[in-house]
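Visitor: For reference, this is target_24.txt, and it has compact mmCIF, N, CA and C atoms.
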# COMPACT_ATOMS: atom_id res chain seq x y z
N MET A 25 125.64 67.22 150.49
CA MET A 25 125.96 67.31 149.07
C MET A 25 124.69 67.31 148.21
N ASN A 26 123.75 66.45 148.60
CA ASN A 26 122.50 66.36 147.86
C ASN A 26 121.73 67.67 147.91
N ASN A 27 121.71 68.34 149.05
CA ASN A 27 121.02 69.62 149.18
C ASN A 27 121.69 70.69 148.31
N LEU A 28 123.01 70.64 148.22
CA LEU A 28 123.75 71.59 147.38
C LEU A 28 123.37 71.39 145.91
N PHE A 29 123.27 70.13 145.50
CA PHE A 29 122.88 69.84 144.12
C PHE A 29 121.48 70.37 143.83
N VAL A 30 120.54 70.15 144.73
CA VAL A 30 119.16 70.62 144.56
C VAL A 30 119.14 72.15 144.50
N PHE A 31 119.89 72.79 145.38
CA PHE A 31 119.95 74.25 145.39
C PHE A 31 120.52 74.78 144.07
N LEU A 32 121.63 74.21 143.61
CA LEU A 32 122.25 74.67 142.36
C LEU A 32 121.34 74.43 141.16
N PHE A 33 120.65 73.31 141.16
CA PHE A 33 119.72 73.02 140.07
C PHE A 33 118.57 74.03 140.08
N ALA A 34 118.02 74.30 141.24
CA ALA A 34 116.92 75.27 141.35
C ALA A 34 117.38 76.65 140.91
N LEU A 35 118.59 77.03 141.31
CA LEU A 35 119.15 78.32 140.90
C LEU A 35 119.30 78.39 139.39
N LEU A 36 119.76 77.30 138.79
CA LEU A 36 119.91 77.25 137.34
C LEU A 36 118.56 77.41 136.64
N VAL A 37 117.54 76.74 137.14
CA VAL A 37 116.21 76.82 136.54
C VAL A 37 115.65 78.24 136.66
N VAL A 38 115.77 78.84 137.83
CA VAL A 38 115.27 80.20 138.04
C VAL A 38 116.00 81.18 137.13
N THR A 39 117.31 81.05 137.03
CA THR A 39 118.11 81.93 136.18
C THR A 39 117.71 81.78 134.72
N ALA A 40 117.53 80.55 134.26
CA ALA A 40 117.16 80.30 132.87
C ALA A 40 115.78 80.88 132.58
N CYS A 41 114.84 80.69 133.48
CA CYS A 41 113.49 81.22 133.27
C CYS A 41 113.48 82.74 133.27
N THR A 42 114.23 83.34 134.18
CA THR A 42 114.31 84.80 134.25
C THR A 42 114.89 85.36 132.97
N SER A 43 115.94 84.75 132.46
CA SER A 43 116.56 85.21 131.21
C SER A 43 115.57 85.13 130.06
N LYS A 44 114.83 84.05 129.98
CA LYS A 44 113.86 83.89 128.89
C LYS A 44 112.75 84.93 129.00
N LYS A 45 112.28 85.21 130.22
CA LYS A 45 111.24 86.22 130.40
C LYS A 45 111.76 87.59 130.01
N GLU A 46 113.00 87.91 130.39
CA GLU A 46 113.58 89.20 130.04
C GLU A 46 113.75 89.31 128.53
N GLU A 47 114.20 88.22 127.89
CA GLU A 47 114.35 88.23 126.44
C GLU A 47 113.00 88.40 125.76
N ALA A 48 111.98 87.71 126.26
CA ALA A 48 110.64 87.83 125.67
C ALA A 48 110.11 89.24 125.83
N THR A 49 110.32 89.85 126.99
CA THR A 49 109.87 91.22 127.22
C THR A 49 110.60 92.19 126.29
N GLU A 50 111.90 92.00 126.14
CA GLU A 50 112.68 92.86 125.26
C GLU A 50 112.26 92.69 123.80
N THR A 51 112.02 91.46 123.38
CA THR A 51 111.58 91.20 122.01
C THR A 51 110.21 91.84 121.76
N ALA A 52 109.30 91.71 122.71
CA ALA A 52 107.97 92.31 122.56
C ALA A 52 108.08 93.83 122.44
N ALA A 53 108.94 94.43 123.23
CA ALA A 53 109.13 95.89 123.15
C ALA A 53 109.70 96.28 121.80
N GLN A 54 110.65 95.51 121.28
CA GLN A 54 111.22 95.81 119.97
C GLN A 54 110.17 95.64 118.88
N GLU A 55 109.32 94.63 119.00
CA GLU A 55 108.30 94.37 118.00
C GLU A 55 107.24 95.46 117.93
N ARG A 56 107.07 96.20 119.00
CA ARG A 56 106.05 97.25 118.99
C ARG A 56 106.64 98.65 119.07
N ALA A 57 107.94 98.78 118.87
CA ALA A 57 108.59 100.09 119.00
C ALA A 57 107.98 101.12 118.05
N GLU A 58 107.76 100.76 116.80
CA GLU A 58 107.20 101.71 115.83
C GLU A 58 105.74 102.01 116.13
N MET A 59 105.01 101.00 116.59
CA MET A 59 103.61 101.24 116.97
C MET A 59 103.57 102.20 118.16
N ASP A 60 104.42 101.98 119.13
CA ASP A 60 104.45 102.86 120.31
C ASP A 60 104.86 104.28 119.93
N ALA A 61 105.80 104.41 119.00
CA ALA A 61 106.23 105.74 118.56
C ALA A 61 105.07 106.46 117.87
N TYR A 62 104.34 105.75 117.02
CA TYR A 62 103.18 106.34 116.35
C TYR A 62 102.12 106.73 117.39
N HIS A 63 101.90 105.85 118.35
CA HIS A 63 100.89 106.10 119.38
C HIS A 63 101.23 107.36 120.18
N LEU A 64 102.48 107.55 120.49
CA LEU A 64 102.89 108.73 121.25
C LEU A 64 102.55 110.02 120.49
N VAL A 65 102.86 110.06 119.21
CA VAL A 65 102.57 111.26 118.40
C VAL A 65 101.06 111.41 118.24
N MET A 66 100.36 110.30 118.01
CA MET A 66 98.90 110.35 117.87
C MET A 66 98.27 110.90 119.14
N ALA A 67 98.72 110.47 120.28
CA ALA A 67 98.15 110.96 121.55
C ALA A 67 98.37 112.46 121.70
N GLU A 68 99.55 112.92 121.34
CA GLU A 68 99.84 114.36 121.43
C GLU A 68 98.97 115.18 120.48
N ALA A 69 98.64 114.59 119.35
CA ALA A 69 97.82 115.29 118.36
C ALA A 69 96.33 115.16 118.65
N PHE A 70 95.90 113.98 119.04
CA PHE A 70 94.46 113.70 119.14
C PHE A 70 93.83 114.20 120.43
N HIS A 71 94.45 114.00 121.57
CA HIS A 71 93.80 114.32 122.84
C HIS A 71 93.42 115.80 122.99
N PRO A 72 94.26 116.73 122.59
CA PRO A 72 93.81 118.13 122.67
C PRO A 72 92.57 118.41 121.80
N PHE A 73 92.50 117.74 120.66
CA PHE A 73 91.33 117.90 119.80
C PHE A 73 90.10 117.27 120.47
N LYS A 74 90.25 116.06 120.95
CA LYS A 74 89.13 115.36 121.59
C LYS A 74 88.65 116.10 122.83
N ASP A 75 89.61 116.58 123.61
CA ASP A 75 89.26 117.20 124.89
C ASP A 75 88.72 118.63 124.75
N SER A 76 89.24 119.38 123.76
CA SER A 76 88.82 120.79 123.68
C SER A 76 88.78 121.35 122.26
N ALA A 77 88.67 120.48 121.27
CA ALA A 77 88.60 120.89 119.87
C ALA A 77 89.80 121.72 119.44
N ASN A 78 90.94 121.51 120.09
CA ASN A 78 92.17 122.23 119.77
C ASN A 78 92.92 121.48 118.67
N LEU A 79 93.01 122.09 117.50
CA LEU A 79 93.69 121.46 116.36
C LEU A 79 95.15 121.92 116.22
N GLU A 80 95.59 122.85 117.02
CA GLU A 80 96.97 123.32 116.89
C GLU A 80 97.99 122.19 117.08
N PRO A 81 97.80 121.29 118.06
CA PRO A 81 98.77 120.20 118.18
C PRO A 81 98.85 119.30 116.96
N VAL A 82 97.70 118.97 116.35
CA VAL A 82 97.76 118.12 115.16
C VAL A 82 98.42 118.87 114.01
N LYS A 83 98.19 120.15 113.91
CA LYS A 83 98.85 120.93 112.85
C LYS A 83 100.36 120.90 113.05
N ALA A 84 100.78 120.96 114.30
CA ALA A 84 102.21 120.94 114.59
C ALA A 84 102.81 119.53 114.47
N GLN A 85 102.00 118.50 114.70
CA GLN A 85 102.49 117.12 114.74
C GLN A 85 102.20 116.30 113.48
N ALA A 86 101.47 116.83 112.54
CA ALA A 86 101.03 116.04 111.39
C ALA A 86 102.19 115.46 110.59
N ALA A 87 103.22 116.25 110.35
CA ALA A 87 104.38 115.74 109.60
C ALA A 87 105.08 114.63 110.38
N GLU A 88 105.17 114.79 111.69
CA GLU A 88 105.79 113.76 112.53
C GLU A 88 104.94 112.49 112.54
N LEU A 89 103.63 112.65 112.51
CA LEU A 89 102.73 111.50 112.45
C LEU A 89 102.94 110.73 111.14
N ALA A 90 103.07 111.45 110.04
CA ALA A 90 103.32 110.81 108.74
C ALA A 90 104.67 110.09 108.75
N LYS A 91 105.66 110.71 109.34
CA LYS A 91 107.00 110.11 109.44
C LYS A 91 106.95 108.84 110.29
N ALA A 92 106.22 108.88 111.40
CA ALA A 92 106.09 107.70 112.26
C ALA A 92 105.34 106.58 111.55
N ALA A 93 104.34 106.92 110.75
CA ALA A 93 103.61 105.91 109.99
C ALA A 93 104.53 105.25 108.96
N GLU A 94 105.36 106.05 108.33
CA GLU A 94 106.31 105.50 107.35
C GLU A 94 107.29 104.54 108.02
N ALA A 95 107.79 104.93 109.18
CA ALA A 95 108.72 104.05 109.90
C ALA A 95 108.04 102.74 110.28
N TRP A 96 106.78 102.84 110.70
CA TRP A 96 106.05 101.63 111.11
C TRP A 96 105.78 100.72 109.92
N VAL A 97 105.36 101.28 108.81
CA VAL A 97 105.04 100.45 107.65
C VAL A 97 106.30 99.79 107.07
N ASN A 98 107.46 100.42 107.27
CA ASN A 98 108.71 99.86 106.74
C ASN A 98 109.44 98.95 107.73
N ALA A 99 108.95 98.85 108.94
CA ALA A 99 109.59 98.00 109.95
C ALA A 99 109.20 96.54 109.73
N PRO A 100 110.10 95.63 110.11
CA PRO A 100 109.72 94.21 110.03
C PRO A 100 108.56 93.93 110.98
N LEU A 101 107.64 93.12 110.52
CA LEU A 101 106.47 92.79 111.34
C LEU A 101 106.73 91.53 112.16
N PRO A 102 106.26 91.50 113.39
CA PRO A 102 106.33 90.26 114.17
C PRO A 102 105.50 89.18 113.49
N GLU A 103 105.88 87.96 113.70
CA GLU A 103 105.20 86.82 113.08
C GLU A 103 103.68 86.87 113.25
N LYS A 104 103.22 87.22 114.46
CA LYS A 104 101.78 87.17 114.74
C LYS A 104 100.95 88.17 113.94
N VAL A 105 101.58 89.21 113.41
CA VAL A 105 100.84 90.20 112.62
C VAL A 105 101.40 90.35 111.20
N ASN A 106 102.24 89.44 110.82
CA ASN A 106 102.82 89.48 109.48
C ASN A 106 101.86 88.80 108.51
N ASN A 107 100.79 89.53 108.18
CA ASN A 107 99.77 88.99 107.29
C ASN A 107 99.23 90.11 106.40
N ASP A 108 98.51 89.74 105.39
CA ASP A 108 98.02 90.71 104.41
C ASP A 108 97.07 91.74 105.03
N ASP A 109 96.25 91.32 105.98
CA ASP A 109 95.30 92.25 106.60
C ASP A 109 96.04 93.37 107.33
N VAL A 110 97.01 93.03 108.16
CA VAL A 110 97.76 94.04 108.90
C VAL A 110 98.58 94.90 107.94
N LYS A 111 99.18 94.29 106.95
CA LYS A 111 99.96 95.06 105.97
C LYS A 111 99.07 96.08 105.25
N ALA A 112 97.86 95.67 104.91
CA ALA A 112 96.93 96.60 104.24
C ALA A 112 96.51 97.72 105.19
N LYS A 113 96.25 97.39 106.45
CA LYS A 113 95.88 98.42 107.42
C LYS A 113 97.03 99.39 107.66
N LEU A 114 98.25 98.88 107.71
CA LEU A 114 99.41 99.76 107.86
C LEU A 114 99.59 100.67 106.66
N ALA A 115 99.41 100.12 105.46
CA ALA A 115 99.53 100.93 104.24
C ALA A 115 98.47 102.04 104.23
N GLU A 116 97.25 101.70 104.65
CA GLU A 116 96.18 102.68 104.70
C GLU A 116 96.48 103.75 105.76
N LEU A 117 97.03 103.33 106.89
CA LEU A 117 97.40 104.28 107.93
C LEU A 117 98.46 105.25 107.42
N LYS A 118 99.43 104.74 106.69
CA LYS A 118 100.48 105.60 106.13
C LYS A 118 99.87 106.58 105.13
N THR A 119 99.05 106.07 104.21
CA THR A 119 98.41 106.93 103.21
C THR A 119 97.59 108.03 103.88
N ASN A 120 96.81 107.66 104.88
CA ASN A 120 95.95 108.63 105.54
C ASN A 120 96.74 109.58 106.45
N SER A 121 97.85 109.12 106.99
CA SER A 121 98.73 110.01 107.76
C SER A 121 99.35 111.05 106.84
N ASP A 122 99.78 110.61 105.67
CA ASP A 122 100.33 111.54 104.67
C ASP A 122 99.26 112.55 104.24
N ALA A 123 98.04 112.06 104.04
CA ALA A 123 96.95 112.95 103.62
C ALA A 123 96.64 113.98 104.71
N LEU A 124 96.67 113.56 105.96
CA LEU A 124 96.43 114.50 107.06
C LEU A 124 97.53 115.57 107.09
N ALA A 125 98.76 115.16 106.86
CA ALA A 125 99.86 116.13 106.84
C ALA A 125 99.65 117.18 105.76
N GLN A 126 99.07 116.79 104.64
CA GLN A 126 98.76 117.74 103.56
C GLN A 126 97.54 118.58 103.93
N LEU A 127 96.56 117.96 104.55
CA LEU A 127 95.30 118.62 104.85
C LEU A 127 95.45 119.74 105.87
N VAL A 128 96.39 119.61 106.82
CA VAL A 128 96.49 120.63 107.87
C VAL A 128 96.86 122.00 107.30
N ALA A 129 97.45 122.01 106.12
CA ALA A 129 97.83 123.29 105.51
C ALA A 129 96.64 124.01 104.88
N THR A 130 95.66 123.27 104.38
CA THR A 130 94.59 123.89 103.61
C THR A 130 93.18 123.53 104.05
N GLY A 131 93.04 122.52 104.89
CA GLY A 131 91.72 122.03 105.25
C GLY A 131 91.00 122.89 106.26
N THR A 132 89.71 122.70 106.31
CA THR A 132 88.89 123.39 107.31
C THR A 132 89.05 122.69 108.65
N GLN A 133 88.60 123.35 109.71
CA GLN A 133 88.62 122.75 111.05
C GLN A 133 87.88 121.41 111.04
N GLU A 134 86.72 121.39 110.38
CA GLU A 134 85.90 120.18 110.34
C GLU A 134 86.60 119.05 109.59
N GLU A 135 87.21 119.38 108.45
CA GLU A 135 87.91 118.37 107.66
C GLU A 135 89.10 117.79 108.44
N ILE A 136 89.87 118.66 109.06
CA ILE A 136 91.03 118.19 109.82
C ILE A 136 90.58 117.34 111.00
N GLY A 137 89.57 117.79 111.72
CA GLY A 137 89.06 117.03 112.85
C GLY A 137 88.54 115.66 112.45
N ALA A 138 87.81 115.61 111.34
CA ALA A 138 87.27 114.33 110.85
C ALA A 138 88.39 113.40 110.41
N ALA A 139 89.39 113.94 109.71
CA ALA A 139 90.52 113.12 109.26
C ALA A 139 91.31 112.59 110.45
N LEU A 140 91.53 113.43 111.45
CA LEU A 140 92.27 113.02 112.64
C LEU A 140 91.51 111.94 113.40
N THR A 141 90.22 112.11 113.56
CA THR A 141 89.41 111.12 114.27
C THR A 141 89.43 109.79 113.53
N SER A 142 89.29 109.82 112.22
CA SER A 142 89.33 108.60 111.42
C SER A 142 90.70 107.91 111.55
N LEU A 143 91.76 108.70 111.50
CA LEU A 143 93.11 108.16 111.63
C LEU A 143 93.31 107.55 113.01
N HIS A 144 92.79 108.19 114.02
CA HIS A 144 92.87 107.67 115.39
C HIS A 144 92.17 106.31 115.48
N ASP A 145 90.99 106.21 114.86
CA ASP A 145 90.26 104.95 114.87
C ASP A 145 91.01 103.87 114.10
N GLN A 146 91.64 104.23 112.99
CA GLN A 146 92.44 103.27 112.23
C GLN A 146 93.61 102.77 113.08
N PHE A 147 94.25 103.68 113.80
CA PHE A 147 95.34 103.27 114.66
C PHE A 147 94.87 102.25 115.69
N HIS A 148 93.74 102.52 116.32
CA HIS A 148 93.26 101.60 117.34
C HIS A 148 92.86 100.24 116.75
N ALA A 149 92.36 100.21 115.52
CA ALA A 149 92.07 98.94 114.87
C ALA A 149 93.36 98.15 114.66
N LEU A 150 94.41 98.84 114.28
CA LEU A 150 95.71 98.18 114.12
C LEU A 150 96.24 97.70 115.46
N GLN A 151 96.10 98.51 116.47
CA GLN A 151 96.57 98.14 117.80
C GLN A 151 95.84 96.88 118.28
N GLU A 152 94.54 96.80 118.03
CA GLU A 152 93.77 95.62 118.41
C GLU A 152 94.26 94.38 117.65
N ALA A 153 94.55 94.55 116.36
CA ALA A 153 95.09 93.43 115.59
C ALA A 153 96.42 92.98 116.18
N TRP A 154 97.23 93.96 116.57
CA TRP A 154 98.56 93.69 117.12
C TRP A 154 98.47 92.86 118.40
N TYR A 155 97.54 93.26 119.26
CA TYR A 155 97.41 92.59 120.54
C TYR A 155 96.40 91.46 120.50
N GLY A 156 95.76 91.26 119.39
CA GLY A 156 94.85 90.14 119.23
C GLY A 156 93.64 90.17 120.13
N GLY A 157 93.23 91.36 120.55
CA GLY A 157 92.08 91.47 121.43
C GLY A 157 92.28 90.78 122.76
N GLU A 158 93.53 90.68 123.21
CA GLU A 158 93.84 89.96 124.44
C GLU A 158 93.65 90.82 125.68
N GLY A 159 92.69 91.73 125.65
CA GLY A 159 92.44 92.56 126.81
C GLY A 159 93.53 93.59 127.02
N HIS A 160 94.16 94.00 125.93
CA HIS A 160 95.20 95.04 126.03
C HIS A 160 94.60 96.30 126.63
N HIS A 161 95.43 97.06 127.23
CA HIS A 161 95.03 98.33 127.86
C HIS A 161 94.13 99.14 126.94
N GLN A 162 92.96 99.41 127.41
CA GLN A 162 92.02 100.24 126.66
C GLN A 162 91.89 101.58 127.37
N HIS A 163 91.74 102.61 126.61
CA HIS A 163 91.46 103.91 127.22
C HIS A 163 90.32 104.57 126.49
N ASP A 164 89.69 105.45 127.19
CA ASP A 164 88.49 106.09 126.67
C ASP A 164 88.85 107.25 125.77
N HIS A 165 88.74 107.05 124.49
CA HIS A 165 88.80 108.17 123.58
C HIS A 165 87.84 107.97 122.50
Could you write out this structure as structure tokens?
Guide:
Amino acid sequence: MNNLFVFLFALLVVTACTSKKEEATETAAQERAEMDAYHLVMAEAFHPFKDSANLEPVKAQAAELAKAAEAWVNAPLPEKVNNDDVKAKLAELKTNSDALAQLVATGTQEEIGAALTSLHDQFHALQEAWYGGEGHHQHDH
């Protein structure tokens, strides 16, 4: 009987811990959903430019990038980044994403490339703030 009690207690502890880990993972994914959505569009726009000076993807994706920035700036912020610094960086990212969407129609190759590179750097600064420099996945761009 005593072994059964120990087994059931251990099972209860493992189940409770697993549920909490799953909830924490799900909450973290929800907290970064808009950032991840922006990152996906940014990657589609930026990498062809970085790799081969191809601006066609950014021209095609600029409106979507602005839309993703708007969704991110309007989303509730997780407690750890709900501060004036992150809010200001998000507002600047939205403003500059909107400006890039306008620029792709009339700007020169150099202007569009410079604006895209600057926006990419702003995104990564926000991503670092989000992850708190905790050794989050870094990639070479």
Visitor: Please measure the separation of atom N of Ala90 in chain A and CA of Ser121 in chain A, giving the value in Å to one decimal.
Guide: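 Computed distance, atom N of Ala90 in chain A to CA of Ser121 in chain A, equals 5.1 Å.
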Visitor: Which residues are close to Lys118 in chain A, i.e. within 8 Å by only C-alpha atoms, leaving aside same-chain residues fewer than 3 positions away? Reply as JSON, numbers by chain.
Guide: {"A": [90, 93, 94, 97, 114, 115, 121, 122]}
Visitor: Can you tell me, as number ranges by chain, what residues are no more than 8 Å from Ala149 in chain A when counting only N, CA and C atoms, ignoring any on the same chain fewer than 6 positions away?
Guide: A: 113, 143, 155
Visitor: For CA of Asp108 in chain A and atom C of Gln54 in chain A, determine how far apart the two atoms are, in Å to one decimal place.
Guide: 19.5 Å
Visitor: Which residues are close to Ser142 in chain A, i.e. within 12 Å by only C-alpha atoms, leaving aside same-chain residues fewer than 2 positions away? Reply as a PyMOL selection string.
Guide: chain A and resi 66+70+116-117+120-121+123-124+135-140+144-149
Visitor: Using all atoms of range 111-125 of chain A that appear in the file, construct an axis-aligned enclosing box with 8 Å of padding on every side and provide its centre coordinates and edge lengths in Å, rounded to one decimal, as AutoDock Vina command-line options.
Guide:
--center_x 98.2 --center_y 105.7 --center_z 105.6 --size_x 20.6 --size_y 38.9 --size_z 20.7
Visitor: How would you write, as a PyMOL selection string, the set of residues in range 44-111 of chain A that DSSP gives as alpha helix (DSSP H)?
Guide: chain A and resi 44-55+57-76+80-98+108-111
Visitor: Skipping near chain neighbours, those fewer than 3 positions away, what residues fall within 9 Å of Gln85 in chain A using only C-alpha atoms, listed as an MDAnalysis selection string?
Guide: chainID A and resid 65:66 68:69 80:82 88:90 125
Visitor: Kindly save the residues from that selection, with N, CA and C atoms included, as a PDB file, in the frame of the given file.
Guide:
ATOM      1  N   VAL A  65     102.860 110.060 119.210  1.00  0.00           N
ATOM      2  CA  VAL A  65     102.570 111.260 118.400  1.00  0.00           C
ATOM      3  C   VAL A  65     101.060 111.410 118.240  1.00  0.00           C
ATOM      4  N   MET A  66     100.360 110.300 118.010  1.00  0.00           N
ATOM      5  CA  MET A  66      98.900 110.350 117.870  1.00  0.00           C
ATOM      6  C   MET A  66      98.270 110.900 119.140  1.00  0.00           C
ATOM      7  N   GLU A  68      99.550 112.920 121.340  1.00  0.00           N
ATOM      8  CA  GLU A  68      99.840 114.360 121.430  1.00  0.00           C
ATOM      9  C   GLU A  68      98.970 115.180 120.480  1.00  0.00           C
ATOM     10  N   ALA A  69      98.640 114.590 119.350  1.00  0.00           N
ATOM     11  CA  ALA A  69      97.820 115.290 118.360  1.00  0.00           C
ATOM     12  C   ALA A  69      96.330 115.160 118.650  1.00  0.00           C
ATOM     13  N   GLU A  80      95.590 122.850 117.020  1.00  0.00           N
ATOM     14  CA  GLU A  80      96.970 123.320 116.890  1.00  0.00           C
ATOM     15  C   GLU A  80      97.990 122.190 117.080  1.00  0.00           C
ATOM     16  N   PRO A  81      97.800 121.290 118.060  1.00  0.00           N
ATOM     17  CA  PRO A  81      98.770 120.200 118.180  1.00  0.00           C
ATOM     18  C   PRO A  81      98.850 119.300 116.960  1.00  0.00           C
ATOM     19  N   VAL A  82      97.700 118.970 116.350  1.00  0.00           N
ATOM     20  CA  VAL A  82      97.760 118.120 115.160  1.00  0.00           C
ATOM     21  C   VAL A  82      98.420 118.870 114.010  1.00  0.00           C
ATOM     22  N   GLU A  88     105.170 114.790 111.690  1.00  0.00           N
ATOM     23  CA  GLU A  88     105.790 113.760 112.530  1.00  0.00           C
ATOM     24  C   GLU A  88     104.940 112.490 112.540  1.00  0.00           C
ATOM     25  N   LEU A  89     103.630 112.650 112.510  1.00  0.00           N
ATOM     26  CA  LEU A  89     102.730 111.500 112.450  1.00  0.00           C
ATOM     27  C   LEU A  89     102.940 110.730 111.140  1.00  0.00           C
ATOM     28  N   ALA A  90     103.070 111.450 110.040  1.00  0.00           N
ATOM     29  CA  ALA A  90     103.320 110.810 108.740  1.00  0.00           C
ATOM     30  C   ALA A  90     104.670 110.090 108.750  1.00  0.00           C
ATOM     31  N   ALA A 125      98.760 115.160 106.860  1.00  0.00           N
ATOM     32  CA  ALA A 125      99.860 116.130 106.840  1.00  0.00           C
ATOM     33  C   ALA A 125      99.650 117.180 105.760  1.00  0.00           C
TER      34      ALA A 125
END
